[in-house]
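Report on the structure given below.
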Amino acid sequence: MAYQIKKAAVLGSGVMGSGIAAHLANIGIPVLLLDIVPTKLTEQEEAKNLTLEDRQVRNKFAATALEKLLKQKPAPLAAKQNLSLIEVGNFEDDLEKLNDVDWIIEVIVENLDIKKSLYEKIDAVRKPGTIITSNTSGISIEAMAEGRSEDFQKHFLGTHFFNPPRYLKLLEVIPTAKTDESVLNFMLQFGEDRLGKGVVIAKDTPNFIANRIGTYGLLVTLREMEKRGYSIGEVDSVTGTLIGRPKSATFRTLDVVGLDTFMHVAKNAYDKTEGEEQKVFELPAFMKKMIDNGWLGAKSKQGFYLKEGKEILELDPETFEYGPTKKLKTPSIEMAKQQKGLANKVKTLVYAKDRTGEILWSILSPTLRYSAELNGEIADDIVAIDNAMKWGFGWQQGPFEIWDAIGVAKSVEKMKEENVAIPAFVQTMLDNGFESFYKEEEGEIFFYDGEGYQPVTVNEKAINLKLYKKKHGVIKKNSGASLIDLGDGIALLEFHSQSNAIGLDIIQMINFAVDEVEKNFKGLVIGNQGKNFCVGANLAMILMEAQDDNTFELDYTIKAFQNAMMKIKYSRKPVVAAPFQMTLGGGAEVCLPAAHIQASMETYMGLVEVGVGLIPGGGGNVNLYTKHLKGLPNGVHVDYQYVANKVFETIAMAKVSTSAEEAKENNFLNFADGISVNPDHLIYDAKQAALALYEAGYTPPKKEKIPVTGDSGYATMLLGAEGMHLSGFISDHDLKIAKKLAFVLSGGKVPYGTLVDEQYMLDLEREAFLSLIQEPKSQQRMQHMLLKGKPLRN
């Protein structure tokens, strides 16, 4: 049977249920969101003479959840209008509507009897072939399906999302013995391709994969902190980014999750384990006391940390008083910072004979052994375990990758010296002469499966550029970028400078890439797999030249950047930009002239130069203005002033989209540009877009004159800026920048509606950029951004 999900239903509208509904709406799937009917009226409802029979009362829980979606941060919705795809209802009046959906997701209270009672009602109304899943984080999937019809059981499985569903990558899929294989295979593919998730198959065991190991690791950390006399701040200072974990480390993570939520997850594992393993899942006494006190973390504004004014204080678990946050400062931390690559940093820290080495070894050693003991019990292989920890908990390396990094043989030797039991899986591997869980051969990764090495299965859409380059090499590279043959006639220009900042090296490679593609390829993709697509131009270089009064050098560089952007725009072969995450300033300017933008759903795009005292200098002003004009319907009277005002506001306010959909609203993307939900598929999707353009007979845009607003438009834009200045919203220097920006966008001293050359607009932009860069206040803003990483409002 070929499955399709055109409409879904989410049962339960709490934070998780409404978050899943929002994620489905983000990918364009209409959702029915149902919850229980209230049993009593609020005082406000009584005052309005409402009764328990009124529809607005009966749908209250789901309707309130929808209102909260608009206020939550980080935003569950990629665009506010996606809310229109969610219809609300309740379990008593609207269960019949379930016969019209293709996927039912249950996200109600974690109580087996209540779940089974609801499933009985679902079974009576669903149409055969409808997929039903539970988002439970701990109840047995097998137990939930007991007593249901054969068709229900064939189409039932667990789909455990991580919170928040829009942002966290992991989706654990848990089949039962009776789940039809075609249903499982469909959900695996749908989860990756449509939901954009990293999908792992988990077994029906307590807390599945990520929460089982993650909770164990967190509780081991708490135990070792108490035992060895470390402070909360000291532990957090070495269990975050230093070892490739999220910056929230251990205790900030617990504060964000909520101690009450964590207690439920830990209790679930405690109730279903025994012996020494069970002891680990017992919460320490001080944590139980915190929960009794209502010190639950971020939700109660007090947990392991307490914010007083601007100062963040840490809890002393012995005295229950808060004091200044401490950090570990040891020689190994300084040594690790000198190492290249995460693996070398972790190795340096774990074996260090100081307080950092002591705490990290005491945390990692039991967590690695526990992961190995569970291999085969919670998942079929180590790849699923590693991926679950990376995608669910934000670890850069999974447990077996960490073990490889610190050296399996060396670490086992140290464990044996401490008289701890070595998991049979690990000992057998070493006895058979294998020394690592993973190995790489000719650009392919293999994993140890208990007997030998098997290739890691990868979706063809998930192109790993690091491995791809090892296998296929590069056409040309310099310090800032590489040109790679992606196959099928498409080349890829990959940025790899510091923070992917644009300097002359990248500009040179853009020029080379377009020339090479015009001669020998069908199209070009501009993309990479760094932390961010590109955070802008090389600010340090620009500031240095400005402080040295090298106006000629700066003029040359800006002109070269503008020319490279025009080369992208008028390339005879299609150029597709593939932005993701932060795509700011020069990063956005690289995308705007492309024939097509294939953006990741999580693309935060904006022209933010005002924050450093400048305006865009690489054609950003003219390209955003013309992209806006071209997005308007043909034959409609165009109000150039309206367009200029919109673009002026976007640039002057340094607006950054919170998603690719919002980038569309800000006209950085148009109706024809694409959005990839799965970031791992972005390069593949961009390649397909470039091929499609070529096959469709792509021709570059014609060079056309641009209609501008001229003198009157300049005055109108300035009026708004001066109003903000008088109200105290912007500074004197902000006003000066706004005047320059308005002059560029209006096309200078010409009448309204004048048609001007693109080069004329670029020259205006460059002159304005160069005059602002010489301003002391602009240089102060640049310096502040480089030192502090945030804008200065001077």
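If you're wondering about the labels, chains in the structure tokens are A, B, ... by order shown, residues count from 1 in each chain, ligands from 1 in order shown.
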
**Message:** Excluding Gln581 (chain A) and its own-chain neighbours fewer than 4 positions away, which residues fall within 9 Å of it when counting only C-alpha atoms? Please give them as a count of residues only.
**Reply:** 11

**Request:** as a PyMOL selection string, please: all residues of region 373-525 of chain A that backbone DSSP puts in strand (DSSP E or B).
**Result:** chain A and resi 375+379+438-441+444-448+453-455+476-477+481-487+490-495+502+523-525

Written selection (N, CA, C and O atoms) as a CSV table (one decimal), in the first residue's frame:
chain,number,residue,atom,x,y,z
A,375,ASN,N,23.9,-1.5,23.8
A,375,ASN,CA,23.9,-1.7,22.4
A,375,ASN,C,23.2,-3.1,22.1
A,375,ASN,O,23.6,-4.1,22.7
A,379,ALA,N,18.8,-0.4,20.8
A,379,ALA,CA,18.9,-0.1,19.3
A,379,ALA,C,19.7,-1.2,18.7
A,379,ALA,O,20.4,-1.9,19.3
A,438,TYR,N,34.5,3.0,14.6
A,438,TYR,CA,34.3,3.5,13.2
A,438,TYR,C,35.6,3.5,12.5
A,438,TYR,O,36.7,3.7,13.1
A,439,LYS,N,35.5,3.3,11.2
A,439,LYS,CA,36.7,3.6,10.4
A,439,LYS,C,36.3,4.2,9.0
A,439,LYS,O,35.1,4.0,8.6
A,440,GLU,N,37.2,4.9,8.4
A,440,GLU,CA,36.8,5.6,7.2
A,440,GLU,C,37.7,5.1,6.1
A,440,GLU,O,38.9,4.9,6.2
A,441,GLU,N,37.1,4.7,4.9
A,441,GLU,CA,37.9,4.2,3.8
A,441,GLU,C,37.3,4.9,2.5
A,441,GLU,O,36.1,4.7,2.3
A,444,GLU,N,34.1,6.8,2.7
A,444,GLU,CA,32.9,6.1,3.3
A,444,GLU,C,33.2,5.7,4.7
A,444,GLU,O,34.3,5.4,5.1
A,445,ILE,N,32.1,5.8,5.5
A,445,ILE,CA,32.3,5.5,7.0
A,445,ILE,C,31.7,4.1,7.2
A,445,ILE,O,30.7,3.7,6.7
A,446,PHE,N,32.5,3.3,8.0
A,446,PHE,CA,32.1,1.9,8.4
A,446,PHE,C,32.0,1.9,9.9
A,446,PHE,O,32.7,2.5,10.6
A,447,PHE,N,31.1,1.0,10.4
A,447,PHE,CA,30.9,0.9,11.9
A,447,PHE,C,31.1,-0.6,12.3
A,447,PHE,O,30.8,-1.5,11.5
A,448,TYR,N,31.5,-0.8,13.5
A,448,TYR,CA,31.7,-2.1,14.0
A,448,TYR,C,30.4,-2.7,14.5
A,448,TYR,O,29.7,-2.0,15.3
A,453,TYR,N,33.1,-4.9,10.2
A,453,TYR,CA,32.7,-3.5,9.9
A,453,TYR,C,31.6,-3.5,8.8
A,453,TYR,O,31.8,-4.2,7.8
A,454,GLN,N,30.6,-2.7,8.9
A,454,GLN,CA,29.5,-2.5,7.9
A,454,GLN,C,29.5,-1.1,7.5
A,454,GLN,O,29.7,-0.2,8.3
A,455,PRO,N,29.1,-0.8,6.2
A,455,PRO,CA,29.0,0.6,5.9
A,455,PRO,C,27.8,1.3,6.5
A,455,PRO,O,26.8,0.6,6.7
A,476,LYS,N,39.5,23.4,-7.5
A,476,LYS,CA,40.4,24.5,-7.2
A,476,LYS,C,40.1,25.0,-5.8
A,476,LYS,O,38.9,25.0,-5.4
A,477,LYS,N,41.0,25.4,-5.0
A,477,LYS,CA,40.7,25.9,-3.7
A,477,LYS,C,41.7,27.0,-3.3
A,477,LYS,O,42.9,27.0,-3.8
A,481,ALA,N,37.7,29.5,-0.1
A,481,ALA,CA,36.7,28.7,-0.7
A,481,ALA,C,37.3,27.6,-1.6
A,481,ALA,O,38.4,27.7,-2.0
A,482,SER,N,36.4,26.6,-1.9
A,482,SER,CA,36.8,25.5,-2.8
A,482,SER,C,35.7,25.4,-3.9
A,482,SER,O,34.5,25.5,-3.6
A,483,LEU,N,36.1,25.0,-5.1
A,483,LEU,CA,35.2,24.6,-6.1
A,483,LEU,C,35.2,23.1,-6.3
A,483,LEU,O,36.3,22.5,-6.5
A,484,ILE,N,34.0,22.5,-6.2
A,484,ILE,CA,33.9,21.0,-6.2
A,484,ILE,C,33.0,20.6,-7.3
A,484,ILE,O,32.0,21.2,-7.6
A,485,ASP,N,33.3,19.4,-7.9
A,485,ASP,CA,32.4,18.8,-8.9
A,485,ASP,C,31.4,18.0,-8.2
A,485,ASP,O,31.7,16.9,-7.7
A,486,LEU,N,30.1,18.4,-8.2
A,486,LEU,CA,29.1,17.7,-7.5
A,486,LEU,C,28.5,16.5,-8.3
A,486,LEU,O,27.6,15.8,-7.8
A,487,GLY,N,28.9,16.4,-9.5
A,487,GLY,CA,28.4,15.3,-10.4
A,487,GLY,C,27.2,15.8,-11.2
A,487,GLY,O,26.6,16.9,-10.8
A,490,ILE,N,27.0,19.6,-12.3
A,490,ILE,CA,26.8,20.8,-11.4
A,490,ILE,C,28.0,20.9,-10.5
A,490,ILE,O,28.6,19.9,-10.0
A,491,ALA,N,28.5,22.1,-10.3
A,491,ALA,CA,29.6,22.4,-9.5
A,491,ALA,C,29.1,23.1,-8.2
A,491,ALA,O,28.1,23.7,-8.2
A,492,LEU,N,29.9,23.0,-7.1
A,492,LEU,CA,29.6,23.6,-5.9
A,492,LEU,C,30.7,24.5,-5.4
A,492,LEU,O,31.9,24.1,-5.4
A,493,LEU,N,30.4,25.8,-5.1
A,493,LEU,CA,31.4,26.7,-4.5
A,493,LEU,C,31.1,26.7,-3.0
A,493,LEU,O,30.1,27.1,-2.5
A,494,GLU,N,32.1,26.2,-2.3
A,494,GLU,CA,32.0,26.0,-0.8
A,494,GLU,C,32.9,27.1,-0.1
A,494,GLU,O,34.1,27.2,-0.3
A,495,PHE,N,32.3,27.9,0.8
A,495,PHE,CA,33.1,28.8,1.6
A,495,PHE,C,33.6,28.1,2.8
A,495,PHE,O,32.9,27.3,3.4
A,502,ILE,N,33.3,36.9,4.1
A,502,ILE,CA,33.8,37.2,2.7
A,502,ILE,C,34.9,38.2,2.6
A,502,ILE,O,34.8,39.3,3.1
A,523,GLY,N,25.5,24.1,-14.2
A,523,GLY,CA,25.1,25.1,-13.2
A,523,GLY,C,26.0,25.1,-12.0
A,523,GLY,O,26.9,24.2,-11.8
A,524,LEU,N,25.8,26.1,-11.1
A,524,LEU,CA,26.6,26.2,-9.9
A,524,LEU,C,25.7,26.4,-8.7
A,524,LEU,O,24.7,27.1,-8.7
A,525,VAL,N,26.1,25.7,-7.6
A,525,VAL,CA,25.5,25.8,-6.3
A,525,VAL,C,26.5,26.5,-5.4
A,525,VAL,O,27.7,26.2,-5.4

**Request:** Name the residues of region 343-409 of chain A that fall into helix (DSSP H, G or I) according to DSSP on the backbone, using the chain letters and numbers of this document, as a ChimeraX atom specification.
**Result:** /A:343-350,355-374,382-393,399-406,408-409

Expected file contents, prior selection, N, CA and C atoms, as a compact mmCIF listing (two decimals), in the first residue's frame:
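Written file, part.txt:
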# COMPACT_ATOMS: atom_id res chain seq x y z
N ALA A 343 38.09 16.00 18.74
CA ALA A 343 38.61 14.72 19.25
C ALA A 343 39.88 14.94 20.06
N ASN A 344 40.79 15.76 19.55
CA ASN A 344 42.06 16.02 20.26
C ASN A 344 41.84 16.81 21.55
N LYS A 345 40.88 17.73 21.52
CA LYS A 345 40.57 18.52 22.73
C LYS A 345 40.06 17.60 23.84
N VAL A 346 39.09 16.72 23.49
CA VAL A 346 38.49 15.82 24.48
C VAL A 346 39.54 14.86 25.04
N LYS A 347 40.39 14.35 24.16
CA LYS A 347 41.45 13.42 24.60
C LYS A 347 42.38 14.10 25.61
N THR A 348 42.76 15.32 25.31
CA THR A 348 43.64 16.09 26.20
C THR A 348 43.00 16.26 27.58
N LEU A 349 41.70 16.57 27.60
CA LEU A 349 41.00 16.85 28.86
C LEU A 349 40.77 15.59 29.70
N VAL A 350 40.32 14.52 29.05
CA VAL A 350 39.90 13.31 29.77
C VAL A 350 41.06 12.65 30.52
N ARG A 355 41.89 18.70 38.07
CA ARG A 355 40.47 18.62 38.47
C ARG A 355 39.54 18.51 37.26
N THR A 356 39.94 19.06 36.11
CA THR A 356 39.11 18.92 34.90
C THR A 356 39.13 17.48 34.42
N GLY A 357 40.32 16.90 34.33
CA GLY A 357 40.44 15.51 33.91
C GLY A 357 39.69 14.57 34.84
N GLU A 358 39.79 14.85 36.16
CA GLU A 358 39.15 13.98 37.16
C GLU A 358 37.63 13.95 36.96
N ILE A 359 36.99 15.10 36.85
CA ILE A 359 35.53 15.12 36.73
C ILE A 359 35.08 14.58 35.38
N LEU A 360 35.78 14.94 34.29
CA LEU A 360 35.35 14.47 32.97
C LEU A 360 35.51 12.97 32.82
N TRP A 361 36.60 12.42 33.31
CA TRP A 361 36.78 10.97 33.23
C TRP A 361 35.70 10.26 34.06
N SER A 362 35.42 10.79 35.25
CA SER A 362 34.46 10.12 36.14
C SER A 362 33.03 10.18 35.58
N ILE A 363 32.76 11.13 34.69
CA ILE A 363 31.43 11.23 34.04
C ILE A 363 31.40 10.36 32.78
N LEU A 364 32.44 10.51 31.95
CA LEU A 364 32.44 9.85 30.64
C LEU A 364 32.62 8.34 30.74
N SER A 365 33.49 7.87 31.62
CA SER A 365 33.78 6.44 31.70
C SER A 365 32.50 5.62 31.92
N PRO A 366 31.68 5.91 32.95
CA PRO A 366 30.47 5.10 33.14
C PRO A 366 29.44 5.29 32.01
N THR A 367 29.37 6.50 31.44
CA THR A 367 28.39 6.75 30.37
C THR A 367 28.75 5.97 29.11
N LEU A 368 30.04 5.88 28.79
CA LEU A 368 30.48 5.12 27.62
C LEU A 368 30.22 3.63 27.84
N ARG A 369 30.53 3.14 29.02
CA ARG A 369 30.31 1.71 29.30
C ARG A 369 28.82 1.38 29.27
N TYR A 370 28.01 2.27 29.82
CA TYR A 370 26.55 2.06 29.83
C TYR A 370 26.00 1.99 28.41
N SER A 371 26.47 2.89 27.55
CA SER A 371 26.03 2.91 26.14
C SER A 371 26.37 1.59 25.46
N ALA A 372 27.56 1.07 25.75
CA ALA A 372 27.98 -0.19 25.13
C ALA A 372 27.16 -1.38 25.66
N GLU A 373 26.85 -1.34 26.97
CA GLU A 373 26.02 -2.40 27.56
C GLU A 373 24.63 -2.44 26.91
N LEU A 374 24.13 -1.28 26.52
CA LEU A 374 22.77 -1.19 25.98
C LEU A 374 22.71 -1.43 24.47
N ILE A 382 25.34 0.74 16.94
CA ILE A 382 25.94 1.91 17.60
C ILE A 382 25.63 3.20 16.85
N VAL A 383 25.38 3.10 15.54
CA VAL A 383 25.09 4.31 14.74
C VAL A 383 23.81 4.97 15.24
N ALA A 384 22.77 4.15 15.52
CA ALA A 384 21.50 4.70 16.02
C ALA A 384 21.70 5.38 17.37
N ILE A 385 22.53 4.77 18.23
CA ILE A 385 22.79 5.35 19.56
C ILE A 385 23.53 6.68 19.42
N ASP A 386 24.59 6.69 18.60
CA ASP A 386 25.35 7.93 18.41
C ASP A 386 24.48 9.04 17.82
N ASN A 387 23.71 8.68 16.77
CA ASN A 387 22.86 9.69 16.13
C ASN A 387 21.81 10.22 17.09
N ALA A 388 21.22 9.34 17.90
CA ALA A 388 20.19 9.77 18.86
C ALA A 388 20.75 10.80 19.83
N MET A 389 21.96 10.59 20.31
CA MET A 389 22.56 11.53 21.27
C MET A 389 22.95 12.85 20.59
N LYS A 390 23.39 12.76 19.34
CA LYS A 390 23.76 13.99 18.62
C LYS A 390 22.52 14.81 18.27
N TRP A 391 21.49 14.13 17.78
CA TRP A 391 20.29 14.83 17.31
C TRP A 391 19.33 15.20 18.43
N GLY A 392 19.32 14.41 19.53
CA GLY A 392 18.37 14.69 20.61
C GLY A 392 18.96 15.56 21.70
N PHE A 393 20.25 15.40 21.98
CA PHE A 393 20.87 16.14 23.08
C PHE A 393 21.91 17.16 22.61
N PRO A 399 28.36 8.67 21.94
CA PRO A 399 29.24 7.96 22.88
C PRO A 399 30.35 7.15 22.21
N PHE A 400 30.03 6.45 21.13
CA PHE A 400 31.05 5.59 20.50
C PHE A 400 32.06 6.42 19.70
N GLU A 401 31.61 7.58 19.20
CA GLU A 401 32.55 8.50 18.53
C GLU A 401 33.49 9.12 19.56
N ILE A 402 32.95 9.44 20.75
CA ILE A 402 33.81 9.97 21.84
C ILE A 402 34.83 8.90 22.23
N TRP A 403 34.36 7.65 22.32
CA TRP A 403 35.26 6.55 22.72
C TRP A 403 36.41 6.41 21.72
N ASP A 404 36.06 6.49 20.43
CA ASP A 404 37.12 6.47 19.41
C ASP A 404 38.08 7.64 19.60
N ALA A 405 37.52 8.82 19.92
CA ALA A 405 38.35 10.03 20.05
C ALA A 405 39.37 9.90 21.17
N ILE A 406 38.97 9.28 22.29
CA ILE A 406 39.92 9.19 23.42
C ILE A 406 40.79 7.93 23.34
N VAL A 408 40.10 3.71 22.24
CA VAL A 408 39.38 2.62 22.92
C VAL A 408 40.34 1.81 23.79
N ALA A 409 41.47 1.39 23.22
CA ALA A 409 42.40 0.53 23.97
C ALA A 409 42.95 1.26 25.20

**Message:** What's the separation between CA of Glu589 (chain A) and CA of Gly619 (chain A), in Å to one decimal place?
**Reply:** 6.6 Å

**Message:** Env of region 128-136 of chain A: 8 Å cut, atoms = only C-alpha atoms, seq-sep filter 4 positions within chain, self excluded. Answer as a PyMOL selection string.
**Reply:** chain A and resi 101-107+110+141+151-152+155-161+183

Which residues come within 10 Å of Lys203 (chain A), counting only C-alpha atoms, excluding same-chain residues fewer than 4 positions away, as a PDB file with N, CA and C atoms, in the first residue's frame?
ATOM      1  N   SER A 140       5.351   1.631  27.366  1.00  0.00           N
ATOM      2  CA  SER A 140       5.590   0.586  26.367  1.00  0.00           C
ATOM      3  C   SER A 140       4.631   0.718  25.185  1.00  0.00           C
ATOM      4  N   ILE A 141       5.198   0.736  24.000  1.00  0.00           N
ATOM      5  CA  ILE A 141       4.404   0.842  22.761  1.00  0.00           C
ATOM      6  C   ILE A 141       3.567  -0.438  22.572  1.00  0.00           C
ATOM      7  N   GLY A 158       5.448   3.965  17.735  1.00  0.00           N
ATOM      8  CA  GLY A 158       5.820   5.167  18.494  1.00  0.00           C
ATOM      9  C   GLY A 158       6.571   6.138  17.597  1.00  0.00           C
ATOM     10  N   GLU A 172      12.625   9.553  17.245  1.00  0.00           N
ATOM     11  CA  GLU A 172      12.778   8.122  17.522  1.00  0.00           C
ATOM     12  C   GLU A 172      11.512   7.413  17.049  1.00  0.00           C
ATOM     13  N   VAL A 173      11.667   6.426  16.183  1.00  0.00           N
ATOM     14  CA  VAL A 173      10.522   5.652  15.686  1.00  0.00           C
ATOM     15  C   VAL A 173      10.599   4.265  16.322  1.00  0.00           C
ATOM     16  N   ILE A 174       9.490   3.869  16.997  1.00  0.00           N
ATOM     17  CA  ILE A 174       9.501   2.621  17.767  1.00  0.00           C
ATOM     18  C   ILE A 174       8.391   1.699  17.256  1.00  0.00           C
ATOM     19  N   PRO A 175       8.742   0.708  16.441  1.00  0.00           N
ATOM     20  CA  PRO A 175       7.712  -0.220  15.962  1.00  0.00           C
ATOM     21  C   PRO A 175       7.377  -1.273  17.022  1.00  0.00           C
ATOM     22  N   THR A 176       6.206  -1.912  16.875  1.00  0.00           N
ATOM     23  CA  THR A 176       5.871  -3.065  17.721  1.00  0.00           C
ATOM     24  C   THR A 176       6.111  -4.323  16.882  1.00  0.00           C
ATOM     25  N   ASN A 207      12.346   4.663  28.154  1.00  0.00           N
ATOM     26  CA  ASN A 207      12.924   5.941  27.679  1.00  0.00           C
ATOM     27  C   ASN A 207      13.626   5.847  26.329  1.00  0.00           C
ATOM     28  N   PHE A 208      13.495   4.701  25.642  1.00  0.00           N
ATOM     29  CA  PHE A 208      14.054   4.511  24.303  1.00  0.00           C
ATOM     30  C   PHE A 208      15.561   4.754  24.292  1.00  0.00           C
ATOM     31  N   ILE A 209      16.088   5.565  23.342  1.00  0.00           N
ATOM     32  CA  ILE A 209      17.564   5.677  23.250  1.00  0.00           C
ATOM     33  C   ILE A 209      18.087   6.932  23.960  1.00  0.00           C
ATOM     34  N   GLY A 376      22.237  -3.096  21.201  1.00  0.00           N
ATOM     35  CA  GLY A 376      21.485  -4.318  20.927  1.00  0.00           C
ATOM     36  C   GLY A 376      20.204  -4.399  21.732  1.00  0.00           C
ATOM     37  N   GLU A 377      20.214  -3.768  22.936  1.00  0.00           N
ATOM     38  CA  GLU A 377      18.998  -3.779  23.771  1.00  0.00           C
ATOM     39  C   GLU A 377      18.086  -2.606  23.422  1.00  0.00           C
ATOM     40  N   ILE A 378      18.665  -1.413  23.265  1.00  0.00           N
ATOM     41  CA  ILE A 378      17.829  -0.227  22.991  1.00  0.00           C
ATOM     42  C   ILE A 378      17.814   0.129  21.502  1.00  0.00           C
ATOM     43  N   ALA A 379      18.801  -0.360  20.763  1.00  0.00           N
ATOM     44  CA  ALA A 379      18.884  -0.088  19.320  1.00  0.00           C
ATOM     45  C   ALA A 379      19.665  -1.212  18.669  1.00  0.00           C
ATOM     46  N   ASP A 380      19.539  -1.328  17.356  1.00  0.00           N
ATOM     47  CA  ASP A 380      20.201  -2.435  16.650  1.00  0.00           C
ATOM     48  C   ASP A 380      21.700  -2.231  16.477  1.00  0.00           C
TER      49      ASP A 380
END

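CA of Gln779 (chain A) is found 7.8 Å from CA of Ala546 (chain A).
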
**Prompt:** Hey, what's within 10 Å of Arg166 (chain A) if we count only C-alpha atoms and toss same-chain stuff fewer than 5 positions away? As a PyMOL selection string, please?
**Reply:** chain A and resi 19-24+26+74-78+161+195-197+601-602+677

Suppose we keep N, CA and C atoms; can you now write the selection as a PDB file, in the first residue's frame?
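The resulting part20.pdb:
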ATOM      1  N   GLY A  19       3.201  21.862  19.737  1.00  0.00           N
ATOM      2  CA  GLY A  19       4.474  22.033  19.016  1.00  0.00           C
ATOM      3  C   GLY A  19       4.558  21.122  17.801  1.00  0.00           C
ATOM      4  N   ILE A  20       4.077  19.872  17.949  1.00  0.00           N
ATOM      5  CA  ILE A  20       4.055  18.934  16.813  1.00  0.00           C
ATOM      6  C   ILE A  20       3.079  19.440  15.751  1.00  0.00           C
ATOM      7  N   ALA A  21       1.906  19.929  16.201  1.00  0.00           N
ATOM      8  CA  ALA A  21       0.908  20.478  15.261  1.00  0.00           C
ATOM      9  C   ALA A  21       1.509  21.655  14.486  1.00  0.00           C
ATOM     10  N   ALA A  22       2.253  22.511  15.191  1.00  0.00           N
ATOM     11  CA  ALA A  22       2.894  23.669  14.540  1.00  0.00           C
ATOM     12  C   ALA A  22       3.908  23.212  13.503  1.00  0.00           C
ATOM     13  N   HIS A  23       4.693  22.173  13.849  1.00  0.00           N
ATOM     14  CA  HIS A  23       5.704  21.692  12.902  1.00  0.00           C
ATOM     15  C   HIS A  23       5.054  21.125  11.642  1.00  0.00           C
ATOM     16  N   LEU A  24       3.938  20.407  11.816  1.00  0.00           N
ATOM     17  CA  LEU A  24       3.222  19.882  10.651  1.00  0.00           C
ATOM     18  C   LEU A  24       2.682  21.024   9.798  1.00  0.00           C
ATOM     19  N   ASN A  26       3.977  23.947   9.591  1.00  0.00           N
ATOM     20  CA  ASN A  26       5.138  24.574   8.940  1.00  0.00           C
ATOM     21  C   ASN A  26       5.483  23.910   7.609  1.00  0.00           C
ATOM     22  N   PRO A  74      11.653  29.860  21.710  1.00  0.00           N
ATOM     23  CA  PRO A  74      11.701  30.155  20.274  1.00  0.00           C
ATOM     24  C   PRO A  74      10.379  29.792  19.593  1.00  0.00           C
ATOM     25  N   ALA A  75      10.043  30.523  18.522  1.00  0.00           N
ATOM     26  CA  ALA A  75       8.736  30.390  17.883  1.00  0.00           C
ATOM     27  C   ALA A  75       8.521  29.002  17.298  1.00  0.00           C
ATOM     28  N   PRO A  76       7.420  28.311  17.675  1.00  0.00           N
ATOM     29  CA  PRO A  76       7.138  26.994  17.077  1.00  0.00           C
ATOM     30  C   PRO A  76       6.712  27.111  15.614  1.00  0.00           C
ATOM     31  N   LEU A  77       6.150  28.277  15.245  1.00  0.00           N
ATOM     32  CA  LEU A  77       5.669  28.484  13.872  1.00  0.00           C
ATOM     33  C   LEU A  77       6.740  29.178  13.041  1.00  0.00           C
ATOM     34  N   ALA A  78       6.981  28.679  11.832  1.00  0.00           N
ATOM     35  CA  ALA A  78       7.961  29.313  10.940  1.00  0.00           C
ATOM     36  C   ALA A  78       7.401  30.618  10.363  1.00  0.00           C
ATOM     37  N   PHE A 161       9.032  12.612  19.315  1.00  0.00           N
ATOM     38  CA  PHE A 161       9.661  13.891  18.955  1.00  0.00           C
ATOM     39  C   PHE A 161      10.385  14.440  20.182  1.00  0.00           C
ATOM     40  N   LEU A 195       9.285  15.645   7.303  1.00  0.00           N
ATOM     41  CA  LEU A 195       9.389  16.290   8.609  1.00  0.00           C
ATOM     42  C   LEU A 195      10.771  16.907   8.826  1.00  0.00           C
ATOM     43  N   GLY A 196      11.741  16.495   7.995  1.00  0.00           N
ATOM     44  CA  GLY A 196      13.088  17.083   8.093  1.00  0.00           C
ATOM     45  C   GLY A 196      13.875  16.603   9.291  1.00  0.00           C
ATOM     46  N   LYS A 197      13.551  15.398   9.791  1.00  0.00           N
ATOM     47  CA  LYS A 197      14.170  14.915  11.024  1.00  0.00           C
ATOM     48  C   LYS A 197      15.334  13.965  10.776  1.00  0.00           C
ATOM     49  N   MET A 601      14.938  25.585   5.991  1.00  0.00           N
ATOM     50  CA  MET A 601      13.815  26.177   6.728  1.00  0.00           C
ATOM     51  C   MET A 601      14.323  27.099   7.838  1.00  0.00           C
ATOM     52  N   GLU A 602      15.426  26.707   8.460  1.00  0.00           N
ATOM     53  CA  GLU A 602      16.018  27.559   9.500  1.00  0.00           C
ATOM     54  C   GLU A 602      17.086  28.451   8.869  1.00  0.00           C
ATOM     55  N   VAL A 677      13.180  21.468   4.225  1.00  0.00           N
ATOM     56  CA  VAL A 677      12.870  21.262   5.644  1.00  0.00           C
ATOM     57  C   VAL A 677      14.021  20.519   6.328  1.00  0.00           C
TER      58      VAL A 677
END
